[in-house]
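Below is the file data_29.txt, which contains compact mmCIF, C-alpha atoms.
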```
# COMPACT_ATOMS: atom_id res chain seq x y z
CA MET Z 1 60.97 95.89 148.62
CA MET Z 2 64.35 96.51 147.05
CA GLN Z 3 64.53 95.88 143.33
CA THR Z 4 67.51 93.94 142.05
CA GLN Z 5 69.51 95.24 139.13
CA PRO Z 6 71.26 93.15 136.50
CA PHE Z 7 74.96 92.75 137.26
CA GLU Z 8 77.08 94.95 135.01
CA LYS Z 9 80.15 93.23 133.61
CA HIS Z 10 83.02 95.70 133.52
CA VAL Z 11 85.79 93.15 132.87
CA TRP Z 12 86.30 90.81 129.94
CA ALA Z 13 89.13 88.94 128.26
CA GLU Z 14 90.15 89.58 124.68
CA ILE Z 15 92.07 86.66 123.17
CA ASP Z 16 94.62 87.49 120.51
CA LEU Z 17 94.45 84.49 118.19
CA GLY Z 18 97.37 85.90 116.24
CA ALA Z 19 99.54 85.74 119.37
CA LEU Z 20 98.23 82.25 120.08
CA ARG Z 21 99.19 81.19 116.57
CA HIS Z 22 102.66 82.73 117.00
CA ASN Z 23 103.22 80.88 120.29
CA PHE Z 24 102.16 77.57 118.81
CA ARG Z 25 104.51 78.04 115.88
CA ALA Z 26 107.38 78.69 118.29
CA VAL Z 27 106.66 75.42 120.11
CA LYS Z 28 106.26 73.58 116.83
CA ALA Z 29 109.59 74.93 115.57
CA ARG Z 30 111.33 73.48 118.62
CA ALA Z 31 109.49 70.18 118.20
CA GLY Z 32 110.61 69.78 114.60
CA ALA Z 33 108.99 66.68 113.13
CA LEU Z 34 107.66 65.56 116.50
CA PRO Z 35 103.83 65.56 116.59
CA LEU Z 36 102.26 67.93 119.11
CA CYS Z 37 99.24 67.37 121.34
CA ALA Z 38 97.52 70.65 122.28
CA VAL Z 39 95.78 70.64 125.65
CA VAL Z 40 92.54 72.62 125.57
CA LYS Z 41 90.92 71.46 128.80
CA ALA Z 42 88.90 73.79 131.02
CA ASP Z 43 87.67 75.77 128.00
CA SER Z 44 91.29 76.04 126.88
CA TYR Z 45 92.15 77.51 130.28
CA GLY Z 46 89.47 80.16 129.81
CA HIS Z 47 90.58 81.14 126.32
CA GLY Z 48 87.81 79.38 124.38
CA ALA Z 49 88.30 75.69 123.62
CA VAL Z 50 86.76 75.48 120.15
CA GLN Z 51 88.33 78.70 118.89
CA CYS Z 52 91.79 77.81 120.18
CA ALA Z 53 91.55 74.21 119.00
CA ARG Z 54 90.78 75.46 115.49
CA VAL Z 55 93.94 77.57 115.53
CA PHE Z 56 96.03 74.63 116.74
CA ALA Z 57 94.51 72.35 114.09
CA GLU Z 58 95.25 74.90 111.36
CA GLU Z 59 98.85 75.16 112.60
CA GLY Z 60 99.46 71.43 112.49
CA ALA Z 61 98.60 69.96 115.90
CA ALA Z 62 98.38 66.17 115.73
CA TRP Z 63 96.17 65.70 118.80
CA LEU Z 64 93.92 67.61 121.18
CA ALA Z 65 93.58 66.76 124.87
CA VAL Z 66 90.78 67.57 127.32
CA SER Z 67 89.85 66.64 130.87
CA CYS Z 68 86.44 65.05 130.36
CA LEU Z 69 84.05 63.61 127.79
CA THR Z 70 81.84 66.71 127.73
CA GLU Z 71 84.79 68.83 126.61
CA ALA Z 72 85.67 66.29 123.91
CA VAL Z 73 82.13 66.21 122.54
CA GLN Z 74 82.09 70.03 122.51
CA LEU Z 75 85.11 69.96 120.19
CA ARG Z 76 83.46 67.42 117.91
CA LYS Z 77 80.31 69.54 117.72
CA GLY Z 78 82.55 72.50 116.91
CA GLY Z 79 83.81 70.67 113.84
CA LEU Z 80 87.20 69.47 115.14
CA THR Z 81 88.24 66.18 113.54
CA LEU Z 82 91.69 65.71 115.09
CA PRO Z 83 92.22 62.76 117.45
CA ILE Z 84 91.11 63.73 120.96
CA LEU Z 85 92.40 62.29 124.24
CA VAL Z 86 90.41 62.53 127.48
CA LEU Z 87 93.02 62.80 130.24
CA GLY Z 88 90.60 62.15 133.10
CA HIS Z 89 88.01 59.56 134.06
CA VAL Z 90 85.10 58.68 131.79
CA GLN Z 91 82.25 56.58 133.15
CA PRO Z 92 82.21 53.19 131.34
CA GLY Z 93 78.54 53.75 130.56
CA TYR Z 94 79.62 56.33 127.98
CA ALA Z 95 81.57 53.79 125.93
CA ALA Z 96 79.15 54.18 123.03
CA ALA Z 97 79.73 57.95 122.96
CA LEU Z 98 83.51 57.41 122.94
CA ILE Z 99 83.19 55.01 120.02
CA GLN Z 100 80.72 57.14 118.08
CA ASN Z 101 82.79 60.31 118.43
CA HIS Z 102 86.16 58.62 117.89
CA ILE Z 103 87.51 59.77 121.25
CA THR Z 104 90.46 58.15 123.03
CA VAL Z 105 90.43 57.87 126.81
CA ALA Z 106 93.17 57.48 129.42
CA CYS Z 107 93.19 54.04 131.04
CA TYR Z 108 94.73 54.04 134.49
CA SER Z 109 93.71 50.85 136.34
CA ALA Z 110 92.77 47.23 135.75
CA ALA Z 111 89.32 47.72 137.28
CA GLN Z 112 88.57 50.74 135.09
CA ALA Z 113 89.78 48.88 132.00
CA LYS Z 114 87.60 45.85 132.72
CA ALA Z 115 84.50 48.00 133.21
CA LEU Z 116 85.23 49.95 130.03
CA SER Z 117 85.84 46.71 128.14
CA ASP Z 118 82.49 45.26 129.19
CA ALA Z 119 80.69 48.46 128.22
CA ALA Z 120 82.42 48.64 124.84
CA VAL Z 121 81.52 45.03 124.02
CA ALA Z 122 77.90 45.75 124.97
CA ALA Z 123 77.97 48.80 122.69
CA GLY Z 124 79.25 46.68 119.84
CA GLY Z 125 82.54 48.49 119.24
CA ARG Z 126 86.06 49.19 120.50
CA VAL Z 127 87.21 52.09 122.63
CA GLN Z 128 90.69 53.43 121.92
CA ILE Z 129 92.76 53.85 125.07
CA HIS Z 130 96.09 55.34 126.11
CA LEU Z 131 97.57 53.61 129.14
CA LYS Z 132 98.61 56.03 131.88
CA ALA Z 133 101.70 54.96 133.83
CA ASP Z 134 102.40 56.55 137.21
CA THR Z 135 106.19 56.83 137.54
CA GLY Z 136 106.08 59.31 140.38
CA MET Z 137 103.48 62.00 139.74
CA GLY Z 138 101.14 60.36 142.24
CA ARG Z 139 97.89 61.03 140.40
CA ILE Z 140 96.09 58.38 138.37
CA GLY Z 141 97.97 55.60 136.62
CA PHE Z 142 99.35 52.09 136.86
CA ALA Z 143 101.80 52.24 139.77
CA LEU Z 144 105.14 51.55 138.09
CA ARG Z 145 107.15 53.28 140.80
CA THR Z 146 105.68 51.43 143.77
CA ASP Z 147 104.84 48.01 142.26
CA PHE Z 148 106.50 47.73 138.87
CA ASP Z 149 105.94 44.04 138.12
CA ARG Z 150 102.26 44.12 139.02
CA ALA Z 151 101.69 47.35 137.10
CA VAL Z 152 103.31 46.00 133.94
CA ALA Z 153 101.37 42.72 134.23
CA GLU Z 154 98.11 44.63 134.59
CA MET Z 155 98.85 46.87 131.61
CA LEU Z 156 99.72 43.87 129.46
CA GLU Z 157 96.49 42.19 130.52
CA VAL Z 158 94.51 45.31 129.58
CA CYS Z 159 95.91 45.05 126.04
CA THR Z 160 94.16 41.68 125.66
CA LEU Z 161 90.70 42.80 126.78
CA PRO Z 162 87.93 42.74 124.18
CA GLY Z 163 86.38 46.05 123.19
CA LEU Z 164 89.59 48.00 123.83
CA ARG Z 165 92.39 49.06 121.48
CA MET Z 166 95.57 50.31 123.11
CA THR Z 167 97.14 53.01 120.96
CA GLY Z 168 99.27 54.93 123.44
CA LEU Z 169 101.28 54.80 126.66
CA PHE Z 170 102.17 57.92 128.64
CA GLN Z 171 103.35 59.31 131.94
CA HIS Z 172 103.66 62.74 133.57
CA PHE Z 173 106.82 64.30 134.98
CA ALA Z 174 106.24 65.61 138.48
CA VAL Z 175 109.06 68.11 139.12
CA ALA Z 176 110.72 68.70 135.74
CA ASP Z 177 110.40 72.47 136.29
CA ASP Z 178 112.61 72.49 139.40
CA THR Z 179 116.39 73.02 139.38
CA ASP Z 180 116.97 71.39 142.76
CA ALA Z 181 119.47 68.56 142.31
CA GLY Z 182 117.16 66.08 143.98
CA ASN Z 183 114.28 66.97 141.70
CA VAL Z 184 116.45 66.84 138.59
CA ALA Z 185 117.48 63.34 139.67
CA TYR Z 186 113.84 62.45 140.32
CA THR Z 187 112.91 63.49 136.77
CA GLU Z 188 115.72 61.32 135.41
CA GLU Z 189 114.46 58.40 137.51
CA GLN Z 190 110.97 58.83 136.09
CA TYR Z 191 112.37 58.86 132.58
CA GLN Z 192 114.46 55.74 133.11
CA LEU Z 193 111.62 53.90 134.83
CA TYR Z 194 109.31 54.67 131.93
CA LYS Z 195 111.59 54.21 128.93
CA SER Z 196 114.14 51.61 130.02
CA ASN Z 197 111.54 49.37 131.60
CA ALA Z 198 107.87 49.92 130.75
CA HIS Z 199 108.53 51.32 127.26
CA GLU Z 200 110.50 48.18 126.35
CA GLN Z 201 107.72 45.94 127.65
CA PHE Z 202 105.30 47.48 125.17
CA SER Z 203 107.48 47.66 122.07
CA PHE Z 204 105.14 45.14 120.44
CA ALA Z 205 102.38 47.73 120.49
CA VAL Z 206 104.15 49.91 117.92
CA SER Z 207 103.80 47.31 115.16
CA ASP Z 208 100.58 45.74 116.41
CA PHE Z 209 98.58 48.88 117.19
CA GLY Z 210 100.54 51.85 115.81
CA CYS Z 211 101.05 52.83 119.44
CA CYS Z 212 102.72 56.10 120.48
CA PHE Z 213 104.78 56.69 123.62
CA TYR Z 214 104.99 60.11 125.23
CA HIS Z 215 105.43 62.29 128.32
CA CYS Z 216 103.47 65.24 129.66
CA SER Z 217 104.74 68.64 130.93
CA ILE Z 218 106.11 71.80 129.38
CA ALA Z 219 109.36 71.56 131.33
CA HIS Z 220 110.40 68.18 129.95
CA PHE Z 221 109.70 69.39 126.43
CA VAL Z 222 111.73 72.58 126.71
CA PHE Z 223 114.66 71.46 128.84
CA PHE Z 224 114.73 67.66 128.77
CA SER Z 225 114.30 67.11 125.04
CA LYS Z 226 116.30 63.87 125.15
CA THR Z 227 113.31 62.26 126.87
CA VAL Z 228 110.86 63.01 124.06
CA LEU Z 229 109.57 59.89 122.30
CA ASP Z 230 106.84 59.67 119.62
CA LEU Z 231 104.56 62.54 120.64
CA THR Z 232 104.79 65.42 123.07
CA ARG Z 233 102.06 66.98 125.18
CA PRO Z 234 103.66 70.14 126.61
CA LEU Z 235 100.58 71.30 128.54
CA CYS Z 236 99.12 74.03 126.34
CA PRO Z 237 101.47 75.07 123.54
CA GLY Z 238 99.85 78.49 123.23
CA TRP Z 239 100.19 80.32 126.52
CA ASP Z 240 102.36 78.47 129.02
CA VAL Z 241 104.13 80.75 131.50
CA PHE Z 242 107.49 79.45 132.67
CA PRO Z 243 108.17 79.43 136.44
CA LYS Z 244 111.26 81.26 137.70
CA ASN Z 245 113.20 78.01 138.21
CA LEU Z 246 112.57 77.02 134.60
CA LEU Z 247 114.00 80.28 133.31
CA LYS Z 248 117.04 79.85 135.56
CA LEU Z 249 117.56 76.30 134.28
CA HIS Z 250 117.26 77.49 130.69
CA LYS Z 251 119.78 80.26 131.26
CA ASN Z 252 122.33 77.84 132.74
CA SER Z 253 121.83 75.09 130.16
```

Go ahead and express the file in the form of structure tokens.
Amino acid sequence: MMQTQPFEKHVWAEIDLGALRHNFRAVKARAGALPLCAVVKADSYGHGAVQCARVFAEEGAAWLAVSCLTEAVQLRKGGLTLPILVLGHVQPGYAAALIQNHITVACYSAAQAKALSDAAVAAGGRVQIHLKADTGMGRIGFALRTDFDRAVAEMLEVCTLPGLRMTGLFQHFAVADDTDAGNVAYTEEQYQLYKSNAHEQFSFAVSDFGCCFYHCSIAHFVFFSKTVLDLTRPLCPGWDVFPKNLLKLHKNS
């Protein structure tokens, strides 16, 4: 019988936290006074979520963002105290964990909001939510592009549900990294749909809830700075690699 041998690992990744710190400072310099949300999902894209999050916190990040509740709790256990946003779905049954760990979750549909509301009330607290508007990315979100009136009505209704506290409203640019004229126009349409319409509908939330309004994507932050609102979430501000079209757009701008 053949004996098995332990697998020898000949490859590893060494993360230069000094370089990470330098990159974040470069992004922060461009942002000026604008608060930054550092995305550290998927173990900070394989770079070590807790270690990278600590660097971003030390350098002045205002928020951290992850993809799921498990990643958020990992950061809390690692000693991170910054506000944390879960960008993906969280089962309503974990409302108590969201409340206990002071974690904000993306809210993307009326049904999800109602279930989360019921769970939060049962847990005896309030879950902080950021409404996700879909202006053309086609992922999760209230469908502003395809049914604007209904989407706005649903989002306004969510703000009245017990057990929830709406503290943010965001969207994601779909093709902001493309120089094609049609895609540049599409990005502008997303911006106008979000700011000129939905953003105005929720102006009350700024005074009532201290709500922040923001977009997601590195391209909008670097090359469409006019669209930046109260907070920016430029993917991961430590190691983004710009596509060729982005560099071309930057050169010609």

> Between Z:Val11, Z:Leu169, Z:Leu98, Z:Cys159, which has the minimum distance to Z:Ala133 (counting only C-alpha atoms)?
Replying inline: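 Counting only C-alpha atoms, the residue closest to Z:Ala133 is Z:Leu169.
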
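Compared by their closest atoms to Z:Ala19, and using only C-alpha atoms, the residues Z:Ile129, Z:Val39, Z:Cys52, Z:Val158 rank with Z:Cys52 nearest.
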
> Nearest to Z:Val105 among Z:Gly163, Z:Pro6, Z:Gly138, Z:Gly168, with distances taken over only C-alpha atoms: which residue is it?
Replying inline: Z:Gly168

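Atom CA of Z:Ala123 is found 13.2 Å from atom CA of Z:Asn101.
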
> So how many Å separate atom CA of Z:Ser67 and atom CA of Z:Ala42, to one decimal?
Replying inline: 7.2 Å

> atom CA of Z:Thr160 and atom CA of Z:Arg126, how far apart in Å?
Replying inline: 12.2 Å

>> Within 12 Å of (90.2, 79.8, 123.3) (file coordinates; only C-alpha atoms), which protein or nucleic acid residues are there? I'd like them as a PyMOL selection string.
In response: chain Z and resi 13-21+38-56+75+236+238-239

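Of the listed residues (Z:Thr81, Z:Gln112, Z:Thr135, Z:Gln91), Z:Gln91 comes nearest to Z:Cys68; the distances count all atoms listed in the file.
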
> Which one is closest to Z:Ala153: Z:Arg165, Z:Ala106, Z:Gln201, Z:Gly124? Count all atoms listed in the file.
Replying inline: Z:Gln201

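Every protein, DNA or RNA residue with an atom at most 7 Å from Z:Thr187, where only C-alpha atoms count and chain neighbours fewer than 5 positions away do not, is listed here: Phe173, Val175 and Ala176 of chain Z.
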
>> Need the shell around Z:Leu156: protein/DNA/RNA residues with any atom at most 10 Å away, counting only C-alpha atoms. Skip same-chain ones fewer than 6 positions apart. Format as a ChimeraX atom specification?
In response: /Z:110,131,150,166,201-202

Quick one: write out the picked residues with C-alpha atoms as a short mmCIF file (atom, residue, chain, number, x, y, z; two decimals), in the coordinates of the input?
```cif
data_model
loop_
_atom_site.label_atom_id
_atom_site.label_comp_id
_atom_site.auth_asym_id
_atom_site.auth_seq_id
_atom_site.Cartn_x
_atom_site.Cartn_y
_atom_site.Cartn_z
CA ALA Z 110 92.77 47.23 135.75
CA LEU Z 131 97.57 53.61 129.14
CA ARG Z 150 102.26 44.12 139.02
CA MET Z 166 95.57 50.31 123.11
CA GLN Z 201 107.72 45.94 127.65
CA PHE Z 202 105.30 47.48 125.17
#
```

>> Given the point (87.1, 59.9, 128.0) in the coordinates of this file, which residues lie within 10 Å, counting only C-alpha atoms, and how would they look as a PyMOL selection string?
In response: chain Z and resi 65-73+84-92+94-95+97-98+103-107+127-129
